[in-house]
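K.L.:
Please find one structure pasted underneath; my questions will follow.
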Amino acid sequence: MQRTFSTFPDGRPGMGLLLLRAAAGINLGYYGCALLRQDPKVSGMVFAAVAIVSGVALLLGYLTPVAATLAVLTSLGAGLAWPPPLSLGPDAFRLSFALLMIIAVALVCLGPGAFSLDARNYGRREIIIPHRPKGSSQE
């Protein structure tokens with residue numbers, strides 16, 4: 001019996017990864033655009049640009065591990081900001097960015113899935129692990 005593992009899962013797992021990427025990407029893009037409207041300082045604009053770029057990259061599935069890592073750092077920075085830059089209450093603001101951070105960490109661990117530019121650029125490869133007979137040792 002052989003086991004096969006795909007580096008870019010398709011089907012329902014791939015669709016689940018697409019939905020995770022979309023949730024994180026839309027949230028980051030919205031946050032970045034709202035921050036651009038509210039914070040005219042250079043630091044706010046840089047923070048907003050990183051949020052927008054990582055959000056778009058996650059939506060497209062482009063350089064997903066890098067974009068998801070930027071999303072983790074952005075959500076951590078936004079969650080620690082005081083006062084919260086957006087007009088949500090502080091508790092709702094922190095909860096939304098804690099959930100975004102959890103989604104982004106999951107994407108770092110799982111990868112982009114088949115419905116992404118990463119899958120198109122780097123190709124879907126299948127790793128076939130042959131069955132080892134019992135009693136054989138690997139040294």
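Residues in the structure tokens are numbered from 1 in each chain, the chains being A, B, ... in the order shown, and ligands are numbered from 1 in the order shown.
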Can you tell me which residues surround stretch 60-64 of chain A at a distance of at most 6 Å, considering only C-alpha atoms, apart from same-chain residues fewer than 5 positions away, and format the answer as a list in words?

P.N.:
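So, after excluding close chain neighbours, the residues are Pro112, Ser116, Leu117 and Asp118 of chain A.
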
K.L.:
Residues of the last selection are to be written out with C-alpha atoms, as a PDB file, in the first residue's frame.

P.N.:
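After the write, result05.pdb holds the following:
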```pdb
ATOM      1  CA  PRO A 112      -1.830  27.944   0.141  1.00  0.00           C
ATOM      2  CA  SER A 116      -3.503  29.712  -5.530  1.00  0.00           C
ATOM      3  CA  LEU A 117      -0.805  31.395  -7.568  1.00  0.00           C
ATOM      4  CA  ASP A 118       1.771  29.477  -5.538  1.00  0.00           C
TER       5      ASP A 118
END
```

K.L.:
Give the helix (DSSP H, G or I) residues of chain A, as DSSP finds them on the backbone, and put them as a PyMOL selection string.

P.N.:
chain A and resi 11-38+42-60+64-80+90-110+117-122

K.L.:
When you look at A:Gly14 with a cut-off of 6 Å (counting only C-alpha atoms), what residues show up, excluding the ones that are within fewer than 4 positions of it in the same chain? I need them as a compact mmCIF listing (two decimals) with N, CA and C atoms, in the first residue's frame.

P.N.:
```
# COMPACT_ATOMS: atom_id res chain seq x y z
N PRO A 9 -3.09 20.71 -1.64
CA PRO A 9 -4.32 19.92 -1.67
C PRO A 9 -5.42 20.60 -2.47
N ASP A 10 -6.18 19.78 -3.17
CA ASP A 10 -7.33 20.30 -3.91
C ASP A 10 -8.60 19.75 -3.30
N GLY A 113 -2.69 25.81 -0.72
CA GLY A 113 -3.69 24.97 -1.37
C GLY A 113 -3.57 25.06 -2.89
N ALA A 114 -4.38 24.26 -3.56
CA ALA A 114 -4.30 24.16 -5.02
C ALA A 114 -4.84 25.38 -5.74
```

K.L.:
When you draw a straight line from atom CA of A:Cys109 to atom CA of A:Phe47, how long is it in Å?

P.N.:
23.9 Å

K.L.:
What lies within 10 Å of A:Leu19 using only C-alpha atoms, ignoring chain neighbours under 6 positions off, as a PyMOL selection string?

P.N.:
chain A and resi 13+25+59

K.L.:
Based on the selection just made, write C-alpha atoms of those residues as a PDB file, in the first residue's frame.

P.N.:
```pdb
ATOM      1  CA  PRO A  13      -9.261  20.796   1.709  1.00  0.00           C
ATOM      2  CA  GLY A  25      -7.002  38.722   3.067  1.00  0.00           C
ATOM      3  CA  LEU A  59      -6.266  36.547  -1.506  1.00  0.00           C
TER       4      LEU A  59
END
```

K.L.:
Write out as a list in words which residues come within 9 Å of A:Val72 when counting only C-alpha atoms, dropping same-chain ones fewer than 4 positions away.

P.N.:
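Listing them by chain and then by number gives Ala67, Ala68, Leu76, Gly77, Leu100, Met101, Ile102, Ile103, Ala104 and Val105 of chain A.
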
K.L.:
Save the residues we just selected, C-alpha atoms, as a PDB file, in the first residue's frame?

P.N.:
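Final output, saved to selection19.pdb:
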```
ATOM      1  CA  ALA A  67       2.198  36.935   3.394  1.00  0.00           C
ATOM      2  CA  ALA A  68       0.730  34.947   6.288  1.00  0.00           C
ATOM      3  CA  LEU A  76      -0.163  41.328  16.568  1.00  0.00           C
ATOM      4  CA  GLY A  77       0.802  44.988  16.140  1.00  0.00           C
ATOM      5  CA  LEU A 100      -7.006  36.900  12.276  1.00  0.00           C
ATOM      6  CA  MET A 101      -3.709  35.917  13.865  1.00  0.00           C
ATOM      7  CA  ILE A 102      -4.969  32.353  14.435  1.00  0.00           C
ATOM      8  CA  ILE A 103      -6.061  32.083  10.786  1.00  0.00           C
ATOM      9  CA  ALA A 104      -2.714  33.439   9.593  1.00  0.00           C
ATOM     10  CA  VAL A 105      -0.744  30.982  11.750  1.00  0.00           C
TER      11      VAL A 105
END
```

K.L.:
What's around A:Ala51 at 7 Å? Count only C-alpha atoms, leave out sequence neighbours fewer than 3 positions away in its own chain, and write the answer as a list of chain:residue names.

P.N.:
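Skipping anything fewer than 3 positions along the chain leaves A:Leu28, A:Gly29, A:Gly32, A:Phe47, A:Ala48, A:Ser54, A:Gly55, A:Ala71, A:Thr74.
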
K.L.:
Write to file, as a short mmCIF file (atom, residue, chain, number, x, y, z; two decimals), in the first residue's frame, the residues of the selection just made, with N, CA and C atoms.

P.N.:
```
data_model
loop_
_atom_site.label_atom_id
_atom_site.label_comp_id
_atom_site.auth_asym_id
_atom_site.auth_seq_id
_atom_site.Cartn_x
_atom_site.Cartn_y
_atom_site.Cartn_z
N LEU A 28 -7.57 41.91 6.31
CA LEU A 28 -6.37 42.75 6.27
C LEU A 28 -6.53 43.92 5.30
N GLY A 29 -7.10 43.65 4.13
CA GLY A 29 -7.30 44.72 3.16
C GLY A 29 -8.23 45.80 3.68
N GLY A 32 -6.40 47.77 6.36
CA GLY A 32 -5.41 48.67 5.78
C GLY A 32 -6.04 49.90 5.14
N PHE A 47 2.18 50.87 8.04
CA PHE A 47 1.44 49.75 8.64
C PHE A 47 0.27 49.35 7.75
N ALA A 48 -0.46 50.36 7.24
CA ALA A 48 -1.59 50.09 6.36
C ALA A 48 -1.14 49.46 5.05
N SER A 54 -0.11 42.35 2.23
CA SER A 54 -0.23 40.97 2.69
C SER A 54 -1.65 40.44 2.47
N GLY A 55 -2.66 41.29 2.60
CA GLY A 55 -4.03 40.87 2.34
C GLY A 55 -4.26 40.48 0.89
N ALA A 71 0.93 38.87 7.96
CA ALA A 71 -0.40 39.02 8.54
C ALA A 71 -0.36 38.77 10.05
N THR A 74 1.25 41.87 11.53
CA THR A 74 0.33 43.01 11.44
C THR A 74 -0.78 42.89 12.46
#
```

K.L.:
How many Å separate atom CA of A:Asn121 from atom CA of A:Leu99?

P.N.:
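The value is 29.1 Å.
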
K.L.:
Using only C-alpha atoms, determine which residues lie at most 9 Å from A:Ile26, disregarding the query and same-chain residues fewer than 3 positions distant; provide the list as number ranges by chain.

P.N.:
A: 21-23, 29-31, 52, 55-56, 58-59

K.L.:
Taking the DSSP secondary structure from the backbone, can you list the residues of chain A that are strand (DSSP E or B), as a list in words?

P.N.:
Arg3, Thr4, Phe5, Ser6, Glu126, Ile127, Ile128 and Ile129 of chain A

K.L.:
Which value, in Å to one decimal, gives the distance between atom CA of A:Arg120 and atom CA of A:Phe8?

P.N.:
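Calculated distance between atom CA of A:Arg120 and atom CA of A:Phe8 is 9.8 Å.
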
K.L.:
Just checking: using only C-alpha atoms, which residue out of A:Ala98, A:Ile128, A:Val108, A:Val50 ends up closest to A:Leu17?

P.N.:
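Among the listed residues, A:Val108 lies closest to A:Leu17.
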
K.L.:
Which of these residues is nearest to A:Asn27, using only C-alpha atoms: A:Pro65, A:Ser96, A:Leu70, A:Met15?

P.N.:
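Looking at the shortest contact to A:Asn27, the residue is A:Ser96.
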